[in-house]
Amino acid sequence: MEYIDSLIKYKRFETYKVNVGGVKIGGENPIRVQTMCNTSTADVEATVKQITKLSEMQGCEIVRVTVPTMKDVGYLKDIKRILLDKGITMPVVADVHFLAQVALACAEQTDKVRINPGNFCHHDLPCFTKEEYDNEAAVIEKNFAPLIEICRKHGTALRIGTNHGSLSKRILNRFGDTPEGMVESVMEFLRIAKRLNFNNIVISLKSSNPSVMVKAARLLVKVMRQENMNFPLHLGVTEAGEGLEGRMKSAAGIGALLFDGIGDTVRVSLTENPEYEIAPAMEICRYALWRIQGQQLELSDGEIPFFYNPYSYKRRESIAVGNFGGTNVPTVAIWVNDEGKDIVDFVSNVNEDKLPDVVFVNNEQLARDILNTGRKLKVSVESESKIAGTIPYYHYKTFAQKKSGEFCFVIVDEKSDFKQLSTLLFGHEILIAAPKFGNKTASLRYIFYQLHVNNIKLPVLIKPDENIPQEYNDLAVTAESSAVFIDGLGDGVVLNTNGDVEKYSAMAFDILQICRLRISKNEYISCPGCGRTLYDLQTTVKKIKNATSKYKNLKIAVMGCIVNGPGEMADADYGYVGAGVGKISLYRNKEVVKRGIPEENAVEELIKLIEDK
């Protein structure tokens, strides 16, 4: 049994219905959108003000606050009381780490309690033997069972939320810091809940790496199906960052799962104020709904089998054609689908590391002008244009009529005859998969399956933006592309420029970077901030970006506190982590190298650390 029944036909994963303060999650209910306060819970007035603002926004249905200590439970009680006095009934979720007594107290006061199985009441022992491992499991059940009973009594929901990088030592020792470890960390809690006949639980498996997040969620659904469980999932890419990049990274992970019918509530975690998380979350959900209501791929021969491993990345095997496919770095290409007035200026002036590999144009003079810039890139024009120095592109029907074996691009879609195509190829072609139907991921899977069964191993660039409404375009093309790249399918991406060459060229690079296929710039992993954050996170992120812009291809994490920071930035090269009021700790990889640095000196010390290799 796999995580879904069909690679090409949408069917939502049927789950239990969970009641969170009157908001129903799972089952046939809509995908719910939520966020989290970045105020201190101790600052009751500020937190109430923020929740009040969120309650007035269209689309925000649930809000979370951090409750780190027993003292904060009292603040939570005050927040709930004031909100109810104001007539605000938006469900409030308590975010709890480490302390069972805090979770127990919160369960009596609020609508939902989130615990992290990686740090909930463990002895933090590595548990090398089976006896040690089982004994620790008994400790977990001893602390978790009372929480279930209080939740049952008060009608409180639970969220079991594990994060990549914050797994317990016993799980790490047995499974490593892997999707498998994330799944087992959650499953041992769910098995307890099932024995106690408690289903009012939502699950999350988050990572700052969308690929890890997607694979963990898929694997969890597979295991749940095998064990006859149907708990709903909360989706999110943690520490996604800010701006368009943060939104794209969230779309990559959330979209890829929603497209397969997985996910019942979502959060776009941005290093911005929580009200800015709502619109992109709603956009991703609306697009996921739009695409399944439109024209879908219908096959006369029924389903296609799993022809790749959806739980472990392996790049599709292809032959190299020039610099495309094989072991070459995936390609960045742009398609100038307007008069292209700014393309020549862009190509002439853009930095080398931001120059796309290929530009497709529909104007002969434009092609000549781009070539005359002398920049090192390929220019492709329609096959009828015979311009020296360019590469022709053919639509499939035109290609079927040609006889020569020239180096060229061939555009294929769901209706192309791949058996016929296999007889026409000379081995000098690069394919462009440009599906027409709304469900791009399903269509792309079908195209790659046809290439697989017809033994066509040419490089394939994916073009995911045909017939997508402009209102969804940016996050939609990110999600559709990432859903395919995460499975190892595709040797590059082609994006329409839509009148903004610079933006969509950068987006093509970003899509490949988000999927960890082509690193072209620094990556910043930054958390949204919450009541545990003791410094100005948003200002600091901008300051660090400016200070480190001169470096290339680093992964730098900026984390609000030590609760999740050191674990969740596990694959970063450098980390900047809040360690107390006005104090920062700096990390190289997973190791802390400087502790308790005054905040006013911390960015300067980070630069010294980077330069002191």
# chains A, B, ... in the order shown; residues from 1 in each chain; ligands from 1

$ residues_around --residues "Asn546 in chain A" --least-positions-apart "3" --cutoff "12 Å" --atoms "only C-alpha atoms" --output "JSON, numbers by chain"
{"A": [522, 524, 539, 540, 541, 542, 543, 549, 550, 551, 603, 604, 607]}

$ write_last_selection --atoms "N, CA, C and O atoms" --output "short mmCIF file (atom, residue, chain, number, x, y, z; two decimals), in the first residue's frame"
data_model
loop_
_atom_site.label_atom_id
_atom_site.label_comp_id
_atom_site.auth_asym_id
_atom_site.auth_seq_id
_atom_site.Cartn_x
_atom_site.Cartn_y
_atom_site.Cartn_z
N ASN A 522 23.07 32.49 -1.59
CA ASN A 522 22.89 32.17 -0.19
C ASN A 522 21.45 31.78 0.09
O ASN A 522 20.52 32.30 -0.53
N TYR A 524 18.74 31.61 3.29
CA TYR A 524 18.53 32.09 4.65
C TYR A 524 17.35 31.33 5.26
O TYR A 524 16.24 31.37 4.74
N THR A 539 14.23 42.63 11.85
CA THR A 539 15.30 43.58 11.56
C THR A 539 16.64 42.88 11.45
O THR A 539 17.46 43.19 10.57
N THR A 540 16.86 41.90 12.32
CA THR A 540 18.14 41.17 12.32
C THR A 540 18.32 40.37 11.04
O THR A 540 19.42 40.33 10.49
N VAL A 541 17.25 39.74 10.56
CA VAL A 541 17.35 38.98 9.31
C VAL A 541 17.79 39.89 8.17
O VAL A 541 18.70 39.54 7.39
N LYS A 542 17.19 41.04 8.07
CA LYS A 542 17.57 41.99 7.00
C LYS A 542 19.01 42.44 7.16
O LYS A 542 19.77 42.56 6.18
N LYS A 543 19.43 42.68 8.39
CA LYS A 543 20.80 43.11 8.66
C LYS A 543 21.81 42.02 8.27
O LYS A 543 22.85 42.29 7.66
N SER A 549 25.71 39.35 1.95
CA SER A 549 25.39 39.29 0.52
C SER A 549 26.63 39.10 -0.34
O SER A 549 26.55 38.63 -1.47
N LYS A 550 27.81 39.44 0.18
CA LYS A 550 29.05 39.31 -0.60
C LYS A 550 29.52 37.86 -0.68
O LYS A 550 30.39 37.53 -1.50
N TYR A 551 28.96 36.98 0.14
CA TYR A 551 29.36 35.57 0.12
C TYR A 551 28.48 34.79 -0.86
O TYR A 551 27.43 35.25 -1.26
N VAL A 603 26.17 40.30 14.87
CA VAL A 603 26.30 40.21 13.41
C VAL A 603 27.77 40.35 13.01
O VAL A 603 28.26 39.61 12.15
N GLU A 604 28.47 41.25 13.64
CA GLU A 604 29.91 41.40 13.36
C GLU A 604 30.67 40.13 13.69
O GLU A 604 31.55 39.69 12.94
N ILE A 607 30.13 37.50 10.98
CA ILE A 607 30.98 37.74 9.81
C ILE A 607 32.39 37.23 10.08
O ILE A 607 33.01 36.59 9.21
#

$ closest_atom_pairs --of "range 240-330 of chain A" --to "range 56-60 of chain A" --cutoff "8 Å" --atoms "only C-alpha atoms" --output "JSON lines"
{"residue": "A:Glu275", "atom": "CA", "partner": "A:Met57", "partner_atom": "CA", "distance": 7.9}
{"residue": "A:Ile278", "atom": "CA", "partner": "A:Cys60", "partner_atom": "CA", "distance": 6.2}
{"residue": "A:Ala279", "atom": "CA", "partner": "A:Gly59", "partner_atom": "CA", "distance": 7.8}
{"residue": "A:Met282", "atom": "CA", "partner": "A:Gly59", "partner_atom": "CA", "distance": 6.8}

$ atom_distance --atom1 "CA of Trp335 in chain A" --atom2 "CA of Asp487 in chain A"
24.3 Å

$ select_by_dssp --residues "range 417-503 of chain A" --states "alpha helix (DSSP H)" --output "MDAnalysis selection string"
chainID A and resid 418:424 440:453 473:485 501:503

$ residues_around --residues "Ala483 in chain A" --least-positions-apart "6" --cutoff "10 Å" --atoms "only C-alpha atoms" --output "list in words"
Pro210, Ser211, Val214, Ala251, Ala252, Gly253, Ile254, Gly255, Ala256, Leu257, Phe259, Asp260, Lys440, Thr441, Ala442, Leu444, Arg445, Val477, Leu489 and Cys515 of chain A

$ write_last_selection --atoms "N, CA, C and O atoms" --output "PDB file, in the first residue's frame"
ATOM      1  N   PRO A 210      11.751  21.669   1.974  1.00  0.00           N
ATOM      2  CA  PRO A 210      10.457  21.153   1.504  1.00  0.00           C
ATOM      3  C   PRO A 210      10.503  19.686   1.098  1.00  0.00           C
ATOM      4  O   PRO A 210       9.526  18.960   1.290  1.00  0.00           O
ATOM      5  N   SER A 211      11.615  19.241   0.544  1.00  0.00           N
ATOM      6  CA  SER A 211      11.719  17.849   0.112  1.00  0.00           C
ATOM      7  C   SER A 211      11.597  16.901   1.296  1.00  0.00           C
ATOM      8  O   SER A 211      10.898  15.882   1.224  1.00  0.00           O
ATOM      9  N   VAL A 214       7.921  16.958   2.542  1.00  0.00           N
ATOM     10  CA  VAL A 214       7.017  16.222   1.659  1.00  0.00           C
ATOM     11  C   VAL A 214       7.199  14.718   1.838  1.00  0.00           C
ATOM     12  O   VAL A 214       6.223  13.968   1.969  1.00  0.00           O
ATOM     13  N   ALA A 251       5.097  27.245  -0.673  1.00  0.00           N
ATOM     14  CA  ALA A 251       4.270  26.687  -1.749  1.00  0.00           C
ATOM     15  C   ALA A 251       4.825  25.359  -2.235  1.00  0.00           C
ATOM     16  O   ALA A 251       4.064  24.444  -2.580  1.00  0.00           O
ATOM     17  N   ALA A 252       6.151  25.243  -2.274  1.00  0.00           N
ATOM     18  CA  ALA A 252       6.779  24.009  -2.755  1.00  0.00           C
ATOM     19  C   ALA A 252       6.363  22.814  -1.909  1.00  0.00           C
ATOM     20  O   ALA A 252       5.971  21.763  -2.438  1.00  0.00           O
ATOM     21  N   GLY A 253       6.438  22.956  -0.587  1.00  0.00           N
ATOM     22  CA  GLY A 253       6.108  21.829   0.280  1.00  0.00           C
ATOM     23  C   GLY A 253       4.619  21.633   0.459  1.00  0.00           C
ATOM     24  O   GLY A 253       4.098  20.516   0.306  1.00  0.00           O
ATOM     25  N   ILE A 254       3.907  22.716   0.763  1.00  0.00           N
ATOM     26  CA  ILE A 254       2.467  22.607   1.008  1.00  0.00           C
ATOM     27  C   ILE A 254       1.740  22.186  -0.267  1.00  0.00           C
ATOM     28  O   ILE A 254       0.900  21.283  -0.257  1.00  0.00           O
ATOM     29  N   GLY A 255       2.070  22.842  -1.385  1.00  0.00           N
ATOM     30  CA  GLY A 255       1.391  22.542  -2.639  1.00  0.00           C
ATOM     31  C   GLY A 255       1.587  21.106  -3.082  1.00  0.00           C
ATOM     32  O   GLY A 255       0.639  20.431  -3.498  1.00  0.00           O
ATOM     33  N   ALA A 256       2.826  20.620  -3.003  1.00  0.00           N
ATOM     34  CA  ALA A 256       3.105  19.253  -3.453  1.00  0.00           C
ATOM     35  C   ALA A 256       2.231  18.236  -2.729  1.00  0.00           C
ATOM     36  O   ALA A 256       1.804  17.234  -3.318  1.00  0.00           O
ATOM     37  N   LEU A 257       1.946  18.470  -1.445  1.00  0.00           N
ATOM     38  CA  LEU A 257       1.117  17.537  -0.684  1.00  0.00           C
ATOM     39  C   LEU A 257      -0.372  17.755  -0.941  1.00  0.00           C
ATOM     40  O   LEU A 257      -1.134  16.792  -1.101  1.00  0.00           O
ATOM     41  N   PHE A 259      -1.692  18.725  -3.603  1.00  0.00           N
ATOM     42  CA  PHE A 259      -1.991  18.199  -4.934  1.00  0.00           C
ATOM     43  C   PHE A 259      -2.261  16.695  -4.894  1.00  0.00           C
ATOM     44  O   PHE A 259      -2.955  16.160  -5.763  1.00  0.00           O
ATOM     45  N   ASP A 260      -1.711  16.007  -3.898  1.00  0.00           N
ATOM     46  CA  ASP A 260      -1.950  14.571  -3.743  1.00  0.00           C
ATOM     47  C   ASP A 260      -3.093  14.276  -2.775  1.00  0.00           C
ATOM     48  O   ASP A 260      -3.302  13.125  -2.402  1.00  0.00           O
ATOM     49  N   LYS A 440      -1.172  19.914 -13.309  1.00  0.00           N
ATOM     50  CA  LYS A 440       0.149  19.809 -13.941  1.00  0.00           C
ATOM     51  C   LYS A 440       0.963  18.644 -13.393  1.00  0.00           C
ATOM     52  O   LYS A 440       1.649  17.939 -14.139  1.00  0.00           O
ATOM     53  N   THR A 441       0.917  18.447 -12.088  1.00  0.00           N
ATOM     54  CA  THR A 441       1.711  17.380 -11.491  1.00  0.00           C
ATOM     55  C   THR A 441       1.310  16.026 -12.051  1.00  0.00           C
ATOM     56  O   THR A 441       2.166  15.201 -12.416  1.00  0.00           O
ATOM     57  N   ALA A 442       0.003  15.771 -12.145  1.00  0.00           N
ATOM     58  CA  ALA A 442      -0.464  14.507 -12.710  1.00  0.00           C
ATOM     59  C   ALA A 442      -0.020  14.369 -14.156  1.00  0.00           C
ATOM     60  O   ALA A 442       0.462  13.303 -14.579  1.00  0.00           O
ATOM     61  N   LEU A 444       2.513  15.818 -15.706  1.00  0.00           N
ATOM     62  CA  LEU A 444       3.972  15.639 -15.794  1.00  0.00           C
ATOM     63  C   LEU A 444       4.367  14.228 -15.396  1.00  0.00           C
ATOM     64  O   LEU A 444       5.250  13.619 -16.017  1.00  0.00           O
ATOM     65  N   ARG A 445       3.730  13.689 -14.371  1.00  0.00           N
ATOM     66  CA  ARG A 445       4.011  12.295 -14.006  1.00  0.00           C
ATOM     67  C   ARG A 445       3.678  11.364 -15.174  1.00  0.00           C
ATOM     68  O   ARG A 445       4.444  10.437 -15.464  1.00  0.00           O
ATOM     69  N   VAL A 477       3.322  27.889 -10.089  1.00  0.00           N
ATOM     70  CA  VAL A 477       4.409  27.281 -10.858  1.00  0.00           C
ATOM     71  C   VAL A 477       5.481  26.726  -9.925  1.00  0.00           C
ATOM     72  O   VAL A 477       6.126  25.716 -10.223  1.00  0.00           O
ATOM     73  N   LEU A 489      12.359  13.902 -11.041  1.00  0.00           N
ATOM     74  CA  LEU A 489      11.973  13.984 -12.444  1.00  0.00           C
ATOM     75  C   LEU A 489      12.263  15.387 -12.965  1.00  0.00           C
ATOM     76  O   LEU A 489      11.801  16.365 -12.384  1.00  0.00           O
ATOM     77  N   CYS A 515      14.450  23.152  -4.261  1.00  0.00           N
ATOM     78  CA  CYS A 515      14.467  21.685  -4.370  1.00  0.00           C
ATOM     79  C   CYS A 515      15.860  21.103  -4.191  1.00  0.00           C
ATOM     80  O   CYS A 515      16.062  19.893  -4.370  1.00  0.00           O
TER      81      CYS A 515
END

$ closest_residue --among "A:Asn173, A:Ser505, A:Asn228, A:Ser250" --to "Val350 in chain A" --atoms "only C-alpha atoms"
A:Ser505

$ closest_residue --among "A:Met1, A:Val379, A:Val23, A:Val359" --to "Lys222 in chain A" --atoms "only C-alpha atoms"
A:Met1

$ closest_residue --among "A:Lys419, A:Arg595, A:His123, A:Lys112" --to "Ile150 in chain A" --atoms "only C-alpha atoms"
A:Lys112

$ atom_distance --atom1 "CA of Arg114 in chain A" --atom2 "CA of Tyr75 in chain A"
16.9 Å

$ closest_residue --among "A:Val18, A:Leu609, A:Ala157, A:Cys408" --to "Pro392 in chain A" --atoms "only C-alpha atoms"
A:Cys408

$ closest_residue --among "A:Asn473, A:Asn439, A:Asn323, A:Thr89" --to "Lys9 in chain A" --atoms "only C-alpha atoms"
A:Asn439

$ select_by_dssp --residues "range 315-414 of chain A" --states "strand (DSSP E or B)" --output "ChimeraX atom specification"
/A:321,324,331-335,358-360,378-382,391-395,408-412

$ write_last_selection --atoms "C-alpha atoms" --output "compact mmCIF listing (two decimals), in the first residue's frame"
# COMPACT_ATOMS: atom_id res chain seq x y z
CA VAL A 321 22.80 16.18 -24.68
CA PHE A 324 21.55 19.25 -20.62
CA THR A 331 18.95 24.10 -16.51
CA VAL A 332 17.39 27.52 -15.96
CA ALA A 333 15.44 28.72 -19.01
CA ILE A 334 13.02 31.57 -19.67
CA TRP A 335 10.39 31.92 -22.36
CA VAL A 358 18.58 29.38 -22.33
CA VAL A 359 16.26 32.10 -23.63
CA PHE A 360 13.34 31.12 -25.88
CA LYS A 378 21.79 29.66 -25.63
CA VAL A 379 19.03 31.26 -27.69
CA SER A 380 16.19 29.19 -29.12
CA VAL A 381 13.70 30.22 -31.81
CA GLU A 382 10.85 28.43 -33.57
CA ILE A 391 18.82 26.34 -31.49
CA PRO A 392 15.44 25.55 -33.05
CA TYR A 393 12.48 24.44 -30.99
CA TYR A 394 9.71 22.28 -32.43
CA HIS A 395 6.21 21.56 -31.26
CA CYS A 408 16.97 20.98 -30.97
CA PHE A 409 14.24 21.32 -28.38
CA VAL A 410 10.97 19.38 -28.75
CA ILE A 411 7.83 20.46 -26.88
CA VAL A 412 5.61 17.60 -25.76

$ residues_around --residues "Ser520 in chain A" --least-positions-apart "6" --cutoff "10 Å" --atoms "only C-alpha atoms" --output "count of residues only"
10

$ closest_residue --among "A:Arg170, A:Lys153, A:Arg81, A:Arg316" --to "Asn135 in chain A" --atoms "only C-alpha atoms"
A:Arg170

$ residues_around --residues "range 422-431 of chain A" --least-positions-apart "6" --cutoff "9 Å" --atoms "only C-alpha atoms" --output "CSV table (one decimal) with all heavy atoms, in the first residue's frame"
chain,number,residue,atom,x,y,z
A,319,ILE,N,20.5,10.6,-20.6
A,319,ILE,CA,21.7,10.9,-21.3
A,319,ILE,C,22.0,12.3,-21.4
A,319,ILE,O,21.1,13.2,-21.3
A,319,ILE,CB,21.7,10.3,-22.7
A,319,ILE,CG1,20.6,11.0,-23.6
A,319,ILE,CG2,21.4,8.8,-22.7
A,319,ILE,CD1,20.7,10.6,-25.0
A,321,VAL,N,22.8,15.6,-23.3
A,321,VAL,CA,22.8,16.2,-24.7
A,321,VAL,C,23.4,17.6,-24.5
A,321,VAL,O,22.7,18.5,-24.0
A,321,VAL,CB,21.4,16.2,-25.3
A,321,VAL,CG1,21.4,16.9,-26.6
A,321,VAL,CG2,20.8,14.8,-25.3
A,322,GLY,N,24.6,17.7,-25.0
A,322,GLY,CA,25.3,19.0,-24.7
A,322,GLY,C,25.4,19.2,-23.2
A,322,GLY,O,25.8,18.3,-22.5
A,324,PHE,N,22.9,19.6,-21.2
A,324,PHE,CA,21.6,19.3,-20.6
A,324,PHE,C,21.5,17.8,-20.2
A,324,PHE,O,22.0,16.9,-20.9
A,324,PHE,CB,20.5,19.5,-21.7
A,324,PHE,CG,20.4,20.9,-22.2
A,324,PHE,CD1,21.2,21.3,-23.3
A,324,PHE,CD2,19.6,21.8,-21.6
A,324,PHE,CE1,21.1,22.6,-23.7
A,324,PHE,CE2,19.5,23.1,-22.1
A,324,PHE,CZ,20.3,23.5,-23.1
A,325,GLY,N,20.9,17.5,-19.0
A,325,GLY,CA,20.7,16.2,-18.6
A,325,GLY,C,21.9,15.5,-18.1
A,325,GLY,O,23.0,16.1,-17.9
A,399,PHE,N,7.7,18.5,-35.2
A,399,PHE,CA,8.9,17.6,-35.1
A,399,PHE,C,8.6,16.3,-35.8
A,399,PHE,O,9.6,15.7,-36.4
A,399,PHE,CB,9.2,17.4,-33.6
A,399,PHE,CG,10.4,16.5,-33.4
A,399,PHE,CD1,11.7,16.9,-33.7
A,399,PHE,CD2,10.2,15.2,-33.0
A,399,PHE,CE1,12.7,16.1,-33.5
A,399,PHE,CE2,11.2,14.3,-32.7
A,399,PHE,CZ,12.5,14.8,-33.0
A,400,ALA,N,7.4,15.8,-35.7
A,400,ALA,CA,7.1,14.5,-36.3
A,400,ALA,C,7.3,14.5,-37.8
A,400,ALA,O,7.4,13.4,-38.5
A,400,ALA,CB,5.7,14.1,-36.0
A,402,LYS,N,9.8,16.3,-39.4
A,402,LYS,CA,11.2,16.6,-39.8
A,402,LYS,C,12.0,15.3,-40.0
A,402,LYS,O,11.6,14.3,-39.5
A,402,LYS,CB,11.9,17.5,-38.7
A,402,LYS,CG,12.3,16.8,-37.4
A,402,LYS,CD,12.9,17.8,-36.4
A,402,LYS,CE,14.3,18.1,-36.7
A,402,LYS,NZ,15.2,17.0,-36.4
A,403,LYS,N,13.1,15.5,-40.7
A,403,LYS,CA,13.9,14.3,-41.0
A,403,LYS,C,15.3,14.4,-40.5
A,403,LYS,O,16.0,13.3,-40.2
A,403,LYS,CB,14.0,14.1,-42.5
A,403,LYS,CG,12.6,14.0,-43.2
A,403,LYS,CD,11.8,12.8,-42.7
A,403,LYS,CE,10.5,12.7,-43.4
A,403,LYS,NZ,9.7,11.5,-42.9
A,404,SER,N,15.9,15.5,-40.2
A,404,SER,CA,17.3,15.7,-39.9
A,404,SER,C,17.4,15.4,-38.4
A,404,SER,O,16.5,15.5,-37.6
A,404,SER,CB,17.8,17.1,-40.2
A,404,SER,OG,17.1,18.0,-39.5
A,405,GLY,N,18.7,15.2,-38.0
A,405,GLY,CA,19.0,14.9,-36.6
A,405,GLY,C,19.7,16.0,-35.9
A,405,GLY,O,20.6,15.8,-35.1
A,406,GLU,N,19.2,17.2,-36.1
A,406,GLU,CA,19.8,18.4,-35.5
A,406,GLU,C,19.6,18.5,-34.0
A,406,GLU,O,18.7,18.0,-33.4
A,406,GLU,CB,19.3,19.7,-36.2
A,406,GLU,CG,17.8,19.9,-35.9
A,406,GLU,CD,17.3,21.0,-36.8
A,406,GLU,OE1,18.0,22.0,-37.1
A,406,GLU,OE2,16.1,21.0,-37.1
A,407,PHE,N,20.5,19.3,-33.4
A,407,PHE,CA,20.4,19.6,-32.0
A,407,PHE,C,19.2,20.6,-31.8
A,407,PHE,O,19.1,21.6,-32.4
A,407,PHE,CB,21.7,20.3,-31.5
A,407,PHE,CG,21.8,20.6,-30.1
A,407,PHE,CD1,21.9,19.7,-29.1
A,407,PHE,CD2,21.7,22.0,-29.7
A,407,PHE,CE1,22.0,20.0,-27.8
A,407,PHE,CE2,21.8,22.3,-28.3
A,407,PHE,CZ,22.0,21.3,-27.4
A,408,CYS,N,18.2,20.2,-31.0
A,408,CYS,CA,17.0,21.0,-31.0
A,408,CYS,C,16.2,20.7,-29.7
A,408,CYS,O,16.5,19.7,-29.0
A,408,CYS,CB,16.1,20.7,-32.2
A,408,CYS,SG,15.5,19.0,-32.3
A,409,PHE,N,15.2,21.5,-29.5
A,409,PHE,CA,14.2,21.3,-28.4
A,409,PHE,C,12.9,20.8,-29.0
A,409,PHE,O,12.5,21.3,-30.1
A,409,PHE,CB,14.0,22.6,-27.6
A,409,PHE,CG,15.2,23.2,-26.9
A,409,PHE,CD1,15.9,24.2,-27.5
A,409,PHE,CD2,15.5,22.7,-25.6
A,409,PHE,CE1,17.0,24.7,-26.8
A,409,PHE,CE2,16.6,23.2,-25.0
A,409,PHE,CZ,17.4,24.2,-25.5
A,410,VAL,N,12.3,19.9,-28.3
A,410,VAL,CA,11.0,19.4,-28.8
A,410,VAL,C,10.0,19.5,-27.6
A,410,VAL,O,10.2,19.0,-26.5
A,410,VAL,CB,11.1,17.9,-29.2
A,410,VAL,CG1,9.7,17.4,-29.7
A,410,VAL,CG2,12.2,17.7,-30.2
A,411,ILE,N,8.9,20.2,-27.9
A,411,ILE,CA,7.8,20.5,-26.9
A,411,ILE,C,6.8,19.4,-26.9
A,411,ILE,O,6.2,19.1,-28.0
A,411,ILE,CB,7.2,21.8,-27.1
A,411,ILE,CG1,8.2,22.9,-27.1
A,411,ILE,CG2,6.1,22.1,-26.0
A,411,ILE,CD1,7.7,24.3,-27.5
A,412,VAL,N,6.6,18.7,-25.8
A,412,VAL,CA,5.6,17.6,-25.8
A,412,VAL,C,4.6,17.9,-24.7
A,412,VAL,O,4.9,18.7,-23.7
A,412,VAL,CB,6.3,16.2,-25.5
A,412,VAL,CG1,7.2,15.9,-26.6
A,412,VAL,CG2,7.0,16.3,-24.2
A,451,LEU,N,7.8,8.4,-21.1
A,451,LEU,CA,9.2,8.3,-21.4
A,451,LEU,C,9.9,7.1,-20.9
A,451,LEU,O,10.7,6.5,-21.5
A,451,LEU,CB,9.9,9.6,-20.9
A,451,LEU,CG,9.4,10.9,-21.5
A,451,LEU,CD1,10.1,12.1,-20.8
A,451,LEU,CD2,9.6,11.0,-23.0
A,454,ASN,N,8.7,3.9,-22.8
A,454,ASN,CA,9.2,3.9,-24.2
A,454,ASN,C,10.7,4.0,-24.2
A,454,ASN,O,11.3,4.3,-25.3
A,454,ASN,CB,8.5,5.0,-25.0
A,454,ASN,CG,7.1,4.7,-25.3
A,454,ASN,OD1,6.8,3.8,-26.1
A,454,ASN,ND2,6.2,5.3,-24.6
A,455,ASN,N,11.4,3.9,-23.0
A,455,ASN,CA,12.9,3.9,-23.0
A,455,ASN,C,13.5,5.2,-23.6
A,455,ASN,O,14.5,5.1,-24.3
A,455,ASN,CB,13.4,2.7,-23.6
A,455,ASN,CG,14.9,2.4,-23.1
A,455,ASN,OD1,15.2,2.7,-22.0
A,455,ASN,ND2,15.7,1.8,-24.0
A,456,ILE,N,12.8,6.3,-23.4
A,456,ILE,CA,13.3,7.6,-23.9
A,456,ILE,C,14.1,8.3,-22.7
A,456,ILE,O,13.5,8.6,-21.7
A,456,ILE,CB,12.2,8.5,-24.4
A,456,ILE,CG1,11.5,7.8,-25.6
A,456,ILE,CG2,12.7,9.9,-24.8
A,456,ILE,CD1,10.2,8.6,-26.0
A,457,LYS,N,15.4,8.4,-22.9
A,457,LYS,CA,16.2,8.9,-21.8
A,457,LYS,C,16.8,10.2,-22.1
A,457,LYS,O,17.9,10.6,-21.5
A,457,LYS,CB,17.3,7.9,-21.5
A,457,LYS,CG,16.8,6.5,-20.9
A,457,LYS,CD,17.9,5.6,-20.5
A,457,LYS,CE,17.3,4.4,-19.8
A,457,LYS,NZ,18.3,3.4,-19.3
A,458,LEU,N,16.2,11.0,-23.0
A,458,LEU,CA,16.7,12.3,-23.3
A,458,LEU,C,16.4,13.2,-22.1
A,458,LEU,O,15.5,13.0,-21.3
A,458,LEU,CB,15.9,12.8,-24.5
A,458,LEU,CG,16.2,12.1,-25.8
A,458,LEU,CD1,15.2,12.6,-26.9
A,458,LEU,CD2,17.6,12.4,-26.3
A,459,PRO,N,17.2,14.3,-22.0
A,459,PRO,CA,16.9,15.3,-20.9
A,459,PRO,C,15.5,15.9,-21.1
A,459,PRO,O,15.0,16.1,-22.2
A,459,PRO,CB,18.0,16.4,-21.2
A,459,PRO,CG,19.0,15.7,-22.0
A,459,PRO,CD,18.3,14.7,-22.9
A,460,VAL,N,14.9,16.3,-20.0
A,460,VAL,CA,13.6,16.9,-20.0
A,460,VAL,C,13.6,18.2,-19.2
A,460,VAL,O,13.9,18.1,-18.0
A,460,VAL,CB,12.5,16.0,-19.5
A,460,VAL,CG1,11.1,16.6,-19.6
A,460,VAL,CG2,12.5,14.7,-20.3
A,461,LEU,N,13.2,19.3,-19.8
A,461,LEU,CA,13.0,20.5,-19.0
A,461,LEU,C,11.4,20.6,-18.8
A,461,LEU,O,10.7,20.3,-19.7
A,461,LEU,CB,13.4,21.8,-19.8
A,461,LEU,CG,14.9,21.7,-20.4
A,461,LEU,CD1,15.2,23.1,-21.0
A,461,LEU,CD2,15.9,21.4,-19.3
A,462,ILE,N,11.0,21.0,-17.6
A,462,ILE,CA,9.6,21.1,-17.4
A,462,ILE,C,9.1,22.5,-17.5
A,462,ILE,O,9.8,23.5,-17.1
A,462,ILE,CB,9.2,20.5,-16.0
A,462,ILE,CG1,9.7,21.3,-14.9
A,462,ILE,CG2,9.6,19.0,-15.9
A,462,ILE,CD1,9.2,20.9,-13.5

$ decode --residues "range 427-438 of chain A" --atoms "C-alpha atoms" --output "mmCIF file, in the first residue's frame"
data_model
loop_
_atom_site.group_PDB
_atom_site.id
_atom_site.type_symbol
_atom_site.label_atom_id
_atom_site.label_comp_id
_atom_site.auth_asym_id
_atom_site.auth_seq_id
_atom_site.Cartn_x
_atom_site.Cartn_y
_atom_site.Cartn_z
ATOM 1 C CA GLY A 427 19.579 11.434 -29.553
ATOM 2 C CA HIS A 428 20.327 15.143 -30.133
ATOM 3 C CA GLU A 429 17.055 16.459 -28.700
ATOM 4 C CA ILE A 430 16.102 18.079 -25.405
ATOM 5 C CA LEU A 431 12.445 17.634 -24.518
ATOM 6 C CA ILE A 432 10.258 20.310 -22.961
ATOM 7 C CA ALA A 433 7.329 18.866 -21.016
ATOM 8 C CA ALA A 434 4.590 21.525 -21.196
ATOM 9 C CA PRO A 435 1.279 20.037 -19.998
ATOM 10 C CA LYS A 436 -1.954 21.763 -20.938
ATOM 11 C CA PHE A 437 -4.388 20.412 -18.338
ATOM 12 C CA GLY A 438 -4.950 22.020 -14.941
#
